[in-house]
Structure formats: C-alpha cells, structure tokens
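Student: To be precise about what I am sending: the file is called structure.csv and holds CSV, N, CA and C atoms.
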```csv
chain,number,residue,atom,x,y,z
A,554,MET,N,-118.5,135.6,-191.8
A,554,MET,CA,-119.4,136.6,-191.4
A,554,MET,C,-120.8,136.0,-191.2
A,555,ASN,N,-121.4,136.3,-190.0
A,555,ASN,CA,-122.7,135.8,-189.6
A,555,ASN,C,-123.8,136.7,-190.2
A,556,VAL,N,-124.4,136.3,-191.3
A,556,VAL,CA,-125.5,137.1,-191.9
A,556,VAL,C,-126.8,136.5,-191.4
A,557,TYR,N,-127.6,137.4,-190.9
A,557,TYR,CA,-129.0,137.0,-190.6
A,557,TYR,C,-129.9,137.6,-191.6
A,558,GLU,N,-130.9,136.8,-192.1
A,558,GLU,CA,-131.7,137.3,-193.2
A,558,GLU,C,-133.2,136.9,-193.0
A,559,LYS,N,-134.0,137.8,-193.5
A,559,LYS,CA,-135.5,137.4,-193.5
A,559,LYS,C,-136.1,138.0,-194.7
A,560,THR,N,-137.3,137.5,-195.1
A,560,THR,CA,-138.0,137.9,-196.3
A,560,THR,C,-139.4,138.4,-195.8
A,561,GLN,N,-139.9,139.4,-196.3
A,561,GLN,CA,-141.2,139.9,-196.0
A,561,GLN,C,-141.9,140.6,-197.2
A,562,VAL,N,-143.2,140.7,-197.1
A,562,VAL,CA,-144.0,141.3,-198.2
A,562,VAL,C,-144.4,142.7,-197.7
A,563,VAL,N,-144.2,143.7,-198.6
A,563,VAL,CA,-144.7,145.1,-198.2
A,563,VAL,C,-146.2,145.1,-198.0
A,564,GLN,N,-146.6,145.6,-196.9
A,564,GLN,CA,-148.0,145.7,-196.5
A,564,GLN,C,-148.6,147.1,-196.9
A,565,LYS,N,-149.9,147.2,-197.0
A,565,LYS,CA,-150.5,148.5,-197.3
A,565,LYS,C,-150.2,149.5,-196.2
A,566,SER,N,-150.2,149.1,-195.0
A,566,SER,CA,-149.9,150.1,-193.9
A,566,SER,C,-148.5,150.7,-193.9
A,567,GLU,N,-147.6,150.1,-194.8
A,567,GLU,CA,-146.3,150.6,-194.9
A,567,GLU,C,-146.1,151.6,-196.0
A,568,ILE,N,-147.1,151.8,-196.8
A,568,ILE,CA,-147.1,152.7,-198.0
A,568,ILE,C,-147.5,154.1,-197.6
A,569,ASP,N,-146.8,155.1,-198.1
A,569,ASP,CA,-147.1,156.5,-197.8
A,569,ASP,C,-147.9,157.1,-199.0
A,570,GLN,N,-148.1,158.4,-198.9
A,570,GLN,CA,-148.9,159.1,-199.9
A,570,GLN,C,-148.3,159.1,-201.3
A,571,TYR,N,-147.0,158.7,-201.4
A,571,TYR,CA,-146.4,158.7,-202.7
A,571,TYR,C,-146.4,157.3,-203.3
A,572,ASN,N,-147.1,156.4,-202.6
A,572,ASN,CA,-147.3,155.0,-203.1
A,572,ASN,C,-146.1,154.2,-203.0
A,573,HIS,N,-145.2,154.5,-202.1
A,573,HIS,CA,-144.0,153.6,-201.9
A,573,HIS,C,-143.8,153.5,-200.4
A,574,VAL,N,-142.9,152.6,-200.0
A,574,VAL,CA,-142.7,152.4,-198.5
A,574,VAL,C,-142.1,153.7,-197.9
A,575,ASN,N,-142.7,154.1,-196.8
A,575,ASN,CA,-142.3,155.3,-196.1
A,575,ASN,C,-140.9,155.1,-195.5
A,576,ASN,N,-140.1,156.2,-195.5
A,576,ASN,CA,-138.8,156.1,-195.0
A,576,ASN,C,-138.7,155.6,-193.5
A,577,VAL,N,-139.7,156.0,-192.8
A,577,VAL,CA,-139.8,155.6,-191.4
A,577,VAL,C,-139.9,154.1,-191.2
A,578,VAL,N,-140.6,153.5,-192.2
A,578,VAL,CA,-140.8,152.0,-192.2
A,578,VAL,C,-139.4,151.3,-192.3
A,579,TYR,N,-138.5,151.9,-193.2
A,579,TYR,CA,-137.2,151.3,-193.4
A,579,TYR,C,-136.5,151.3,-192.0
A,580,VAL,N,-136.6,152.4,-191.3
A,580,VAL,CA,-135.9,152.5,-190.0
A,580,VAL,C,-136.5,151.4,-189.1
A,581,GLN,N,-137.8,151.2,-189.1
A,581,GLN,CA,-138.4,150.2,-188.3
A,581,GLN,C,-137.9,148.8,-188.7
A,582,TRP,N,-137.8,148.6,-190.0
A,582,TRP,CA,-137.3,147.3,-190.4
A,582,TRP,C,-135.8,147.0,-190.0
A,583,ILE,N,-135.0,148.1,-190.0
A,583,ILE,CA,-133.7,148.0,-189.6
A,583,ILE,C,-133.6,147.7,-188.1
A,584,GLN,N,-134.4,148.4,-187.3
A,584,GLN,CA,-134.4,148.1,-185.9
A,584,GLN,C,-135.0,146.7,-185.6
A,585,ASP,N,-136.0,146.3,-186.3
A,585,ASP,CA,-136.6,144.9,-186.1
A,585,ASP,C,-135.6,143.8,-186.4
A,586,ILE,N,-134.9,143.9,-187.5
A,586,ILE,CA,-134.0,142.8,-187.8
A,586,ILE,C,-132.8,142.8,-186.9
A,587,ALA,N,-132.4,144.0,-186.4
A,587,ALA,CA,-131.3,144.0,-185.4
A,587,ALA,C,-131.7,143.3,-184.2
A,588,ASN,N,-132.9,143.6,-183.7
A,588,ASN,CA,-133.5,142.9,-182.5
A,588,ASN,C,-133.6,141.4,-182.7
A,589,GLU,N,-134.1,141.0,-183.9
A,589,GLU,CA,-134.3,139.6,-184.1
A,589,GLU,C,-133.0,138.9,-184.2
A,590,HIS,N,-132.0,139.5,-184.8
A,590,HIS,CA,-130.7,138.9,-184.9
A,590,HIS,C,-130.1,138.7,-183.5
A,591,TRP,N,-130.2,139.8,-182.7
A,591,TRP,CA,-129.6,139.7,-181.3
A,591,TRP,C,-130.3,138.6,-180.5
A,592,GLN,N,-131.7,138.5,-180.7
A,592,GLN,CA,-132.4,137.4,-180.0
A,592,GLN,C,-131.9,136.1,-180.4
A,593,GLU,N,-131.6,135.9,-181.7
A,593,GLU,CA,-131.1,134.6,-182.2
A,593,GLU,C,-129.7,134.4,-181.6
A,594,LEU,N,-128.8,135.4,-181.6
A,594,LEU,CA,-127.5,135.2,-181.0
A,594,LEU,C,-127.5,134.9,-179.5
A,595,THR,N,-128.5,135.4,-178.8
A,595,THR,CA,-128.5,135.2,-177.4
A,595,THR,C,-129.5,134.2,-176.8
A,596,LYS,N,-130.1,133.4,-177.7
A,596,LYS,CA,-131.2,132.6,-177.3
A,596,LYS,C,-130.8,131.6,-176.2
A,597,GLU,N,-129.6,131.3,-176.1
A,597,GLU,CA,-129.1,130.3,-175.1
A,597,GLU,C,-128.7,131.0,-173.8
A,598,ILE,N,-128.7,132.3,-173.7
A,598,ILE,CA,-128.3,133.0,-172.5
A,598,ILE,C,-129.6,133.4,-171.8
A,599,GLU,N,-129.7,133.0,-170.5
A,599,GLU,CA,-130.9,133.2,-169.7
A,599,GLU,C,-131.2,134.7,-169.4
A,600,GLU,N,-130.1,135.4,-168.9
A,600,GLU,CA,-130.3,136.7,-168.5
A,600,GLU,C,-129.1,137.6,-168.9
A,601,LEU,N,-129.4,138.7,-169.5
A,601,LEU,CA,-128.3,139.6,-169.9
A,601,LEU,C,-128.2,140.8,-169.0
A,602,ASP,N,-127.0,141.2,-168.6
A,602,ASP,CA,-126.9,142.3,-167.8
A,602,ASP,C,-126.5,143.6,-168.5
A,603,TYR,N,-126.8,143.6,-169.8
A,603,TYR,CA,-126.5,144.7,-170.7
A,603,TYR,C,-127.5,144.8,-171.8
A,604,ALA,N,-127.6,145.9,-172.5
A,604,ALA,CA,-128.5,146.1,-173.7
A,604,ALA,C,-127.8,147.0,-174.7
A,605,TRP,N,-128.3,147.0,-175.9
A,605,TRP,CA,-127.8,147.9,-176.9
A,605,TRP,C,-128.7,149.1,-177.2
A,606,PHE,N,-128.1,150.2,-177.3
A,606,PHE,CA,-128.8,151.5,-177.7
A,606,PHE,C,-128.2,152.1,-178.9
A,607,VAL,N,-129.1,152.6,-179.8
A,607,VAL,CA,-128.7,153.2,-181.0
A,607,VAL,C,-128.0,154.6,-180.7
A,608,VAL,N,-126.8,154.8,-181.3
A,608,VAL,CA,-126.1,156.0,-181.2
A,608,VAL,C,-126.3,156.8,-182.5
A,609,ARG,N,-126.3,156.1,-183.6
A,609,ARG,CA,-126.4,156.7,-185.0
A,609,ARG,C,-126.9,155.8,-186.0
A,610,HIS,N,-127.8,156.3,-186.8
A,610,HIS,CA,-128.3,155.6,-188.0
A,610,HIS,C,-127.8,156.3,-189.3
A,611,GLU,N,-127.2,155.6,-190.2
A,611,GLU,CA,-126.9,156.2,-191.5
A,611,GLU,C,-127.5,155.3,-192.6
A,612,ILE,N,-128.4,155.9,-193.4
A,612,ILE,CA,-129.2,155.2,-194.3
A,612,ILE,C,-129.1,155.8,-195.7
A,613,ASP,N,-128.8,154.9,-196.7
A,613,ASP,CA,-128.8,155.3,-198.1
A,613,ASP,C,-130.1,154.7,-198.7
A,614,TYR,N,-131.0,155.6,-199.2
A,614,TYR,CA,-132.2,155.1,-199.9
A,614,TYR,C,-131.8,155.1,-201.4
A,615,ILE,N,-131.8,154.0,-202.0
A,615,ILE,CA,-131.3,153.8,-203.4
A,615,ILE,C,-132.4,153.7,-204.4
A,616,ALA,N,-133.5,152.9,-204.0
A,616,ALA,CA,-134.6,152.7,-204.8
A,616,ALA,C,-135.8,152.5,-203.9
A,617,GLN,N,-137.0,152.4,-204.5
A,617,GLN,CA,-138.3,152.3,-203.8
A,617,GLN,C,-138.8,150.9,-203.7
A,618,ALA,N,-139.5,150.6,-202.6
A,618,ALA,CA,-140.3,149.4,-202.5
A,618,ALA,C,-141.7,149.8,-202.6
A,619,LEU,N,-142.5,148.9,-203.2
A,619,LEU,CA,-143.9,149.2,-203.5
A,619,LEU,C,-144.8,148.1,-202.8
A,620,LEU,N,-146.1,148.4,-202.8
A,620,LEU,CA,-147.0,147.5,-202.2
A,620,LEU,C,-146.8,146.1,-202.8
A,621,ASN,N,-146.8,145.1,-202.0
A,621,ASN,CA,-146.7,143.7,-202.3
A,621,ASN,C,-145.3,143.2,-202.8
A,622,ASP,N,-144.3,144.1,-202.9
A,622,ASP,CA,-143.0,143.7,-203.2
A,622,ASP,C,-142.5,142.8,-202.1
A,623,VAL,N,-141.7,141.8,-202.5
A,623,VAL,CA,-141.0,140.9,-201.6
A,623,VAL,C,-139.6,141.4,-201.3
A,624,VAL,N,-139.4,141.8,-200.1
A,624,VAL,CA,-138.1,142.4,-199.8
A,624,VAL,C,-137.3,141.4,-198.9
A,625,ILE,N,-136.0,141.4,-199.2
A,625,ILE,CA,-135.1,140.5,-198.4
A,625,ILE,C,-134.2,141.5,-197.6
A,626,ILE,N,-134.2,141.3,-196.3
A,626,ILE,CA,-133.5,142.1,-195.3
A,626,ILE,C,-132.4,141.3,-194.7
A,627,LYS,N,-131.2,141.8,-194.9
A,627,LYS,CA,-130.0,141.1,-194.3
A,627,LYS,C,-129.2,142.0,-193.4
A,628,THR,N,-128.7,141.4,-192.3
A,628,THR,CA,-127.9,142.1,-191.4
A,628,THR,C,-126.7,141.3,-190.9
A,629,TRP,N,-125.6,142.1,-190.6
A,629,TRP,CA,-124.4,141.5,-190.0
A,629,TRP,C,-123.7,142.5,-189.2
A,630,ILE,N,-122.8,142.0,-188.4
A,630,ILE,CA,-122.0,142.9,-187.5
A,630,ILE,C,-120.7,143.3,-188.1
A,631,GLY,N,-120.3,144.5,-188.0
A,631,GLY,CA,-119.0,145.0,-188.5
A,631,GLY,C,-118.1,145.3,-187.3
A,632,LYS,N,-117.4,146.4,-187.5
A,632,LYS,CA,-116.4,146.8,-186.5
A,632,LYS,C,-117.0,146.9,-185.1
A,633,THR,N,-116.4,146.2,-184.1
A,633,THR,CA,-116.8,146.2,-182.8
A,633,THR,C,-115.7,146.4,-181.8
A,634,GLU,N,-115.7,147.5,-181.1
A,634,GLU,CA,-114.6,147.8,-180.2
A,634,GLU,C,-115.0,148.8,-179.2
A,635,GLY,N,-114.4,148.9,-178.0
A,635,GLY,CA,-114.7,149.8,-177.0
A,635,GLY,C,-116.1,149.6,-176.5
A,636,VAL,N,-117.0,150.5,-176.6
A,636,VAL,CA,-118.4,150.4,-176.2
A,636,VAL,C,-119.3,150.3,-177.4
A,637,LYS,N,-118.8,150.4,-178.6
A,637,LYS,CA,-119.6,150.5,-179.8
A,637,LYS,C,-119.5,149.3,-180.8
A,638,SER,N,-120.6,149.1,-181.5
A,638,SER,CA,-120.6,148.0,-182.5
A,638,SER,C,-121.4,148.6,-183.7
A,639,VAL,N,-120.9,148.3,-184.9
A,639,VAL,CA,-121.5,148.7,-186.1
A,639,VAL,C,-122.3,147.5,-186.7
A,640,ARG,N,-123.6,147.8,-187.0
A,640,ARG,CA,-124.5,146.8,-187.6
A,640,ARG,C,-124.8,147.3,-189.0
A,641,HIS,N,-124.6,146.4,-190.0
A,641,HIS,CA,-124.9,146.7,-191.4
A,641,HIS,C,-126.3,146.0,-191.7
A,642,VAL,N,-127.0,146.7,-192.5
A,642,VAL,CA,-128.3,146.2,-193.0
A,642,VAL,C,-128.4,146.5,-194.5
A,643,GLU,N,-128.8,145.5,-195.3
A,643,GLU,CA,-129.1,145.7,-196.7
A,643,GLU,C,-130.5,145.2,-197.0
A,644,ILE,N,-131.3,146.0,-197.7
A,644,ILE,CA,-132.6,145.6,-198.1
A,644,ILE,C,-132.7,145.5,-199.6
A,645,SER,N,-133.2,144.4,-200.2
A,645,SER,CA,-133.2,144.3,-201.6
A,645,SER,C,-134.5,143.7,-202.1
A,646,ILE,N,-134.7,143.9,-203.4
A,646,ILE,CA,-135.9,143.2,-204.1
A,646,ILE,C,-135.3,142.6,-205.4
A,647,ASN,N,-135.5,141.3,-205.5
A,647,ASN,CA,-135.0,140.6,-206.7
A,647,ASN,C,-133.5,140.8,-206.9
A,648,SER,N,-132.7,140.7,-205.8
A,648,SER,CA,-131.3,140.9,-205.9
A,648,SER,C,-130.8,142.4,-206.2
A,649,LYS,N,-131.8,143.3,-206.3
A,649,LYS,CA,-131.5,144.7,-206.5
A,649,LYS,C,-131.5,145.4,-205.1
A,650,LEU,N,-130.3,146.0,-204.8
A,650,LEU,CA,-130.2,146.7,-203.5
A,650,LEU,C,-131.1,148.0,-203.5
A,651,ILE,N,-131.9,148.2,-202.5
A,651,ILE,CA,-132.8,149.4,-202.5
A,651,ILE,C,-132.4,150.2,-201.3
A,652,VAL,N,-131.9,149.6,-200.2
A,652,VAL,CA,-131.5,150.4,-199.0
A,652,VAL,C,-130.3,149.8,-198.4
A,653,ARG,N,-129.4,150.6,-198.0
A,653,ARG,CA,-128.2,150.2,-197.3
A,653,ARG,C,-128.0,151.1,-196.0
A,654,SER,N,-127.7,150.4,-194.9
A,654,SER,CA,-127.6,151.2,-193.7
A,654,SER,C,-126.5,150.7,-192.8
A,655,GLN,N,-126.0,151.6,-192.0
A,655,GLN,CA,-125.1,151.3,-190.9
A,655,GLN,C,-125.6,151.9,-189.6
A,656,THR,N,-125.7,151.2,-188.6
A,656,THR,CA,-126.2,151.7,-187.3
A,656,THR,C,-125.1,151.4,-186.3
A,657,ILE,N,-124.7,152.5,-185.5
A,657,ILE,CA,-123.8,152.3,-184.4
A,657,ILE,C,-124.6,152.1,-183.2
A,658,PHE,N,-124.3,151.0,-182.5
A,658,PHE,CA,-124.9,150.7,-181.2
A,658,PHE,C,-123.9,150.8,-180.1
A,659,CYS,N,-124.4,151.3,-179.0
A,659,CYS,CA,-123.5,151.4,-177.8
A,659,CYS,C,-124.0,150.3,-176.8
A,660,LEU,N,-123.1,149.6,-176.2
A,660,LEU,CA,-123.4,148.6,-175.1
A,660,LEU,C,-123.6,149.4,-173.8
A,661,VAL,N,-124.7,149.1,-173.2
A,661,VAL,CA,-125.1,149.8,-171.9
A,661,VAL,C,-125.3,148.8,-170.8
A,662,ASP,N,-124.8,149.1,-169.6
A,662,ASP,CA,-125.0,148.2,-168.5
A,662,ASP,C,-126.4,148.5,-168.0
A,663,ASN,N,-127.2,147.4,-167.8
A,663,ASN,CA,-128.6,147.5,-167.4
A,663,ASN,C,-128.8,148.1,-166.0
A,664,LYS,N,-127.8,147.8,-165.1
A,664,LYS,CA,-128.0,148.3,-163.7
A,664,LYS,C,-127.6,149.8,-163.6
A,665,THR,N,-126.6,150.2,-164.3
A,665,THR,CA,-126.1,151.6,-164.2
A,665,THR,C,-126.7,152.6,-165.2
A,666,GLY,N,-127.1,152.0,-166.4
A,666,GLY,CA,-127.5,152.8,-167.5
A,666,GLY,C,-126.4,153.5,-168.2
A,667,ARG,N,-125.1,153.1,-167.9
A,667,ARG,CA,-124.0,153.8,-168.5
A,667,ARG,C,-123.3,152.8,-169.5
A,668,PRO,N,-122.6,153.4,-170.5
A,668,PRO,CA,-121.9,152.6,-171.5
A,668,PRO,C,-121.0,151.6,-170.8
A,669,LYS,N,-120.9,150.4,-171.4
A,669,LYS,CA,-120.1,149.3,-170.9
A,669,LYS,C,-119.2,148.8,-172.0
A,670,ARG,N,-117.9,148.6,-171.6
A,670,ARG,CA,-116.9,148.1,-172.6
A,670,ARG,C,-117.4,146.7,-173.1
A,671,ILE,N,-117.3,146.5,-174.4
A,671,ILE,CA,-117.6,145.2,-175.0
A,671,ILE,C,-116.6,144.2,-174.6
A,672,THR,N,-117.0,143.1,-174.0
A,672,THR,CA,-116.0,142.1,-173.6
A,672,THR,C,-115.7,141.2,-174.7
A,673,GLU,N,-114.6,140.4,-174.6
A,673,GLU,CA,-114.3,139.4,-175.6
A,673,GLU,C,-115.4,138.4,-175.8
A,674,GLU,N,-116.1,138.1,-174.7
A,674,GLU,CA,-117.2,137.1,-174.8
A,674,GLU,C,-118.3,137.7,-175.7
A,675,VAL,N,-118.7,139.0,-175.5
A,675,VAL,CA,-119.7,139.6,-176.3
A,675,VAL,C,-119.3,139.7,-177.8
A,676,THR,N,-118.0,140.1,-178.0
A,676,THR,CA,-117.5,140.2,-179.4
A,676,THR,C,-117.6,138.8,-180.1
A,677,LYS,N,-117.2,137.8,-179.4
A,677,LYS,CA,-117.2,136.4,-180.0
A,677,LYS,C,-118.7,136.1,-180.3
A,678,LEU,N,-119.6,136.4,-179.5
A,678,LEU,CA,-121.0,136.2,-179.7
A,678,LEU,C,-121.5,136.9,-180.9
A,679,LEU,N,-121.1,138.2,-181.1
A,679,LEU,CA,-121.6,139.0,-182.2
A,679,LEU,C,-121.0,138.5,-183.5
A,680,LEU,N,-119.7,138.1,-183.5
A,680,LEU,CA,-119.0,137.9,-184.8
A,680,LEU,C,-118.9,136.4,-185.1
A,681,ARG,N,-119.5,135.5,-184.3
A,681,ARG,CA,-119.3,134.1,-184.6
A,681,ARG,C,-120.0,133.7,-185.9
A,682,GLU,N,-119.4,132.7,-186.5
A,682,GLU,CA,-120.0,132.1,-187.7
A,682,GLU,C,-121.2,131.3,-187.3
A,683,LYS,N,-122.1,131.1,-188.2
A,683,LYS,CA,-123.3,130.3,-187.9
A,683,LYS,C,-122.9,128.8,-187.6
```
Would you mind giving the structure from this file in structure tokens?

Tutor:
Amino acid sequence: MNVYEKTQVVQKSEIDQYNHVNNVVYVQWIQDIANEHWQELTKEIEELDYAWFVVRHEIDYIAQALLNDVVIIKTWIGKTEGVKSVRHVEISINSKLIVRSQTIFCLVDNKTGRPKRITEEVTKLLLREK
C-alpha cells in the first residue's frame, strides 16, 4: 500500500468559535493531501489528459484537534475500478485517530468533461508501492 503522509500544526485561522478545528478545515485538509499525493504520483508525467473530481465525501469525526496540535495526515488509494477510485484519509494526534474519511473520485477526460474509464496504466500509478 502506497501511503502518503504529512505533518502540520493547527493554526489559529483553522479554529472555530468552539475552540477546535472547524469541520470545513478537515475537508480542506482531505482535499489538500489528495492533491499533494496525486502531484507526487504524477511528477514525472508532463501533461495529463484527465483529472479527478469528487463524487462523495464520507467523514467520521472521532475527536477534536485544538490550536497548536501537531496532526499527522495519511492517505492511500483503495478500490479503483470503472471510472471511480476511493481515497482513504486518516488524521491523528499522538497516534490517536481523530478523523477518518473516504472520498470517491471520478476520473474525467479533460477534453470532453465526461467520465473516463480508469486504464490499467492509471491503476498501476495509483496503487504502486513507493
């Protein structure tokens, strides 16, 4: 399994009126790490003729992150077939899971804007080991 991971510190701008990370921030972190991982996987490809679009986010909020907490965000690719691929994300603090998500992405042809079947080449790219 190809796990992509990053660490960051919770900023004041990410805190809501209840003094914890706002739920919208978690969605942004999920989107950001997905984009970063995809950029890492495709860094040797000059031009892509397709893009990924979110079809569905499913998020479990288990615990809260607070100002200055150090969070570890991990992502990996799950089931990939047809035009869809599932991306998993886990966010933790000190090895304690605080958020778990699954996002379904649809592969879309850049020229037509329509869903595009995921090729074996793209599947290998997504699921390859480091």

Student: With only C-alpha atoms as the atoms that count, which of A:Lys627, A:Arg670, A:Lys559, A:His610 lies nearest to Val580 in chain A?

Tutor: A:His610

Student: For a cutoff of 12 Å around the file-coordinate point (-105.5, 146.1, -177.0), which residues qualify once you count only C-alpha atoms? I'd like the result as an MDAnalysis selection string.

Tutor: chainID A and resid 634:635 672:673

Student: In terms of the shortest atom-to-atom distance over only C-alpha atoms, which of A:Thr676, A:Asn572, A:Gln592, A:Asn555 is closest to Asn621 in chain A?

Tutor: A:Asn572

Student: If you run DSSP on the backbone here, which positions in chain A get strand (DSSP E or B)? Please write them as an MDAnalysis selection string.

Tutor: chainID A and resid 557:562 568 574 603:614 623:634 637:646 649:662 668

Student: So that I can check the surroundings of Ile630 in chain A, please list as a PyMOL selection string every protein, DNA and RNA residue that reaches within 7 Å of it, counting only N, CA and C atoms and ignoring chain neighbours fewer than 5 positions away.

Tutor: chain A and resi 554-556+638-641+679-680

Student: Which polymer residues have any atom within 6 Å of an atom of Leu660 in chain A, counting only N, CA and C atoms, with same-chain residues fewer than 4 positions away left out, as a list in words?

Tutor: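 With the cut-off at 6 Å, the set is Ala604, Trp605, Phe606, Val636, Lys637, Ser638, Arg667, Pro668 and Lys669 of chain A.
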
Student: I need the residues of chain A that end up classed as alpha helix (DSSP H) by DSSP on the backbone, written out as number ranges by chain.

Tutor: A: 576-594, 673-680

Student: Take the residues from that selection and put them in a file with N, CA and C atoms, as a short mmCIF file (atom, residue, chain, number, x, y, z; two decimals), in the coordinates of the input.

Tutor:
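New file part00.cif:
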```cif
data_model
loop_
_atom_site.label_atom_id
_atom_site.label_comp_id
_atom_site.auth_asym_id
_atom_site.auth_seq_id
_atom_site.Cartn_x
_atom_site.Cartn_y
_atom_site.Cartn_z
N ASN A 576 -140.10 156.20 -195.50
CA ASN A 576 -138.80 156.10 -195.00
C ASN A 576 -138.70 155.60 -193.50
N VAL A 577 -139.70 156.00 -192.80
CA VAL A 577 -139.80 155.60 -191.40
C VAL A 577 -139.90 154.10 -191.20
N VAL A 578 -140.60 153.50 -192.20
CA VAL A 578 -140.80 152.00 -192.20
C VAL A 578 -139.40 151.30 -192.30
N TYR A 579 -138.50 151.90 -193.20
CA TYR A 579 -137.20 151.30 -193.40
C TYR A 579 -136.50 151.30 -192.00
N VAL A 580 -136.60 152.40 -191.30
CA VAL A 580 -135.90 152.50 -190.00
C VAL A 580 -136.50 151.40 -189.10
N GLN A 581 -137.80 151.20 -189.10
CA GLN A 581 -138.40 150.20 -188.30
C GLN A 581 -137.90 148.80 -188.70
N TRP A 582 -137.80 148.60 -190.00
CA TRP A 582 -137.30 147.30 -190.40
C TRP A 582 -135.80 147.00 -190.00
N ILE A 583 -135.00 148.10 -190.00
CA ILE A 583 -133.70 148.00 -189.60
C ILE A 583 -133.60 147.70 -188.10
N GLN A 584 -134.40 148.40 -187.30
CA GLN A 584 -134.40 148.10 -185.90
C GLN A 584 -135.00 146.70 -185.60
N ASP A 585 -136.00 146.30 -186.30
CA ASP A 585 -136.60 144.90 -186.10
C ASP A 585 -135.60 143.80 -186.40
N ILE A 586 -134.90 143.90 -187.50
CA ILE A 586 -134.00 142.80 -187.80
C ILE A 586 -132.80 142.80 -186.90
N ALA A 587 -132.40 144.00 -186.40
CA ALA A 587 -131.30 144.00 -185.40
C ALA A 587 -131.70 143.30 -184.20
N ASN A 588 -132.90 143.60 -183.70
CA ASN A 588 -133.50 142.90 -182.50
C ASN A 588 -133.60 141.40 -182.70
N GLU A 589 -134.10 141.00 -183.90
CA GLU A 589 -134.30 139.60 -184.10
C GLU A 589 -133.00 138.90 -184.20
N HIS A 590 -132.00 139.50 -184.80
CA HIS A 590 -130.70 138.90 -184.90
C HIS A 590 -130.10 138.70 -183.50
N TRP A 591 -130.20 139.80 -182.70
CA TRP A 591 -129.60 139.70 -181.30
C TRP A 591 -130.30 138.60 -180.50
N GLN A 592 -131.70 138.50 -180.70
CA GLN A 592 -132.40 137.40 -180.00
C GLN A 592 -131.90 136.10 -180.40
N GLU A 593 -131.60 135.90 -181.70
CA GLU A 593 -131.10 134.60 -182.20
C GLU A 593 -129.70 134.40 -181.60
N LEU A 594 -128.80 135.40 -181.60
CA LEU A 594 -127.50 135.20 -181.00
C LEU A 594 -127.50 134.90 -179.50
N GLU A 673 -114.60 140.40 -174.60
CA GLU A 673 -114.30 139.40 -175.60
C GLU A 673 -115.40 138.40 -175.80
N GLU A 674 -116.10 138.10 -174.70
CA GLU A 674 -117.20 137.10 -174.80
C GLU A 674 -118.30 137.70 -175.70
N VAL A 675 -118.70 139.00 -175.50
CA VAL A 675 -119.70 139.60 -176.30
C VAL A 675 -119.30 139.70 -177.80
N THR A 676 -118.00 140.10 -178.00
CA THR A 676 -117.50 140.20 -179.40
C THR A 676 -117.60 138.80 -180.10
N LYS A 677 -117.20 137.80 -179.40
CA LYS A 677 -117.20 136.40 -180.00
C LYS A 677 -118.70 136.10 -180.30
N LEU A 678 -119.60 136.40 -179.50
CA LEU A 678 -121.00 136.20 -179.70
C LEU A 678 -121.50 136.90 -180.90
N LEU A 679 -121.10 138.20 -181.10
CA LEU A 679 -121.60 139.00 -182.20
C LEU A 679 -121.00 138.50 -183.50
N LEU A 680 -119.70 138.10 -183.50
CA LEU A 680 -119.00 137.90 -184.80
C LEU A 680 -118.90 136.40 -185.10
#
```

Student: So the first atom is atom C of Trp582 in chain A and the second is atom C of Asp622 in chain A; what is the distance between them in Å, to one decimal place?

Tutor: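 Value for the atom C of Trp582 in chain A-atom C of Asp622 in chain A distance: 14.5 Å.
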
Student: Any idea what's packed within 8 Å of Ala616 in chain A, counting all atoms listed in the file, ignoring anything in its chain fewer than 6 positions away? Could you give it as a list in words?

Tutor: Lys649, Leu650, Ile651, Val652 and Arg653 of chain A

Student: With only N, CA and C atoms as the atoms that count, which of A:Ile626, A:Trp591, A:Asp613, A:Gln581 lies nearest to Tyr557 in chain A?

Tutor: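 Ranking A:Ile626, A:Trp591, A:Asp613, A:Gln581 by distance to Tyr557 in chain A, first place goes to A:Ile626.
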
Student: Identify, on the basis of only C-alpha atoms, every residue whose closest approach to His590 in chain A does not exceed 9 Å; exclude the query and any residue fewer than 5 positions from it along the same chain; express the result as a list in words.

Tutor: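 Counting only C-alpha atoms, the residues come to Val556, Tyr557, Glu558, Asp585, Thr595, Thr628 and Trp629 of chain A.
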
Student: For CA of Asp662 in chain A and atom C of Val577 in chain A, determine how far apart the two atoms are, in Å to one decimal place.

Tutor: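 Rounded to one decimal, the two atoms are 27.8 Å apart.
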
Student: Separation of CA of Ile568 in chain A and CA of Leu620 in chain A, in Å?

Tutor: 6.7 Å

Student: Rank A:Val623, A:Asn575, A:Ile644, A:Val607 by their smallest atom-to-atom distance to Val661 in chain A, using only C-alpha atoms, and report the top residue only.

Tutor: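 Closest to Val661 in chain A, using only C-alpha atoms: A:Val607.
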
Student: Nearest to Val574 in chain A among A:Arg609, A:Tyr614, A:Val624, A:Leu619, with distances taken over all atoms listed in the file: which residue is it?

Tutor: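 Looking only at the distances to Val574 in chain A, the closest residue turns out to be A:Leu619.
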
Student: Taking only C-alpha atoms into account, which of A:Ile625, A:Lys596, A:Ala587, A:Ile615 comes nearest Val563 in chain A?

Tutor: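 Counting only C-alpha atoms, the residue closest to Val563 in chain A is A:Ile625.
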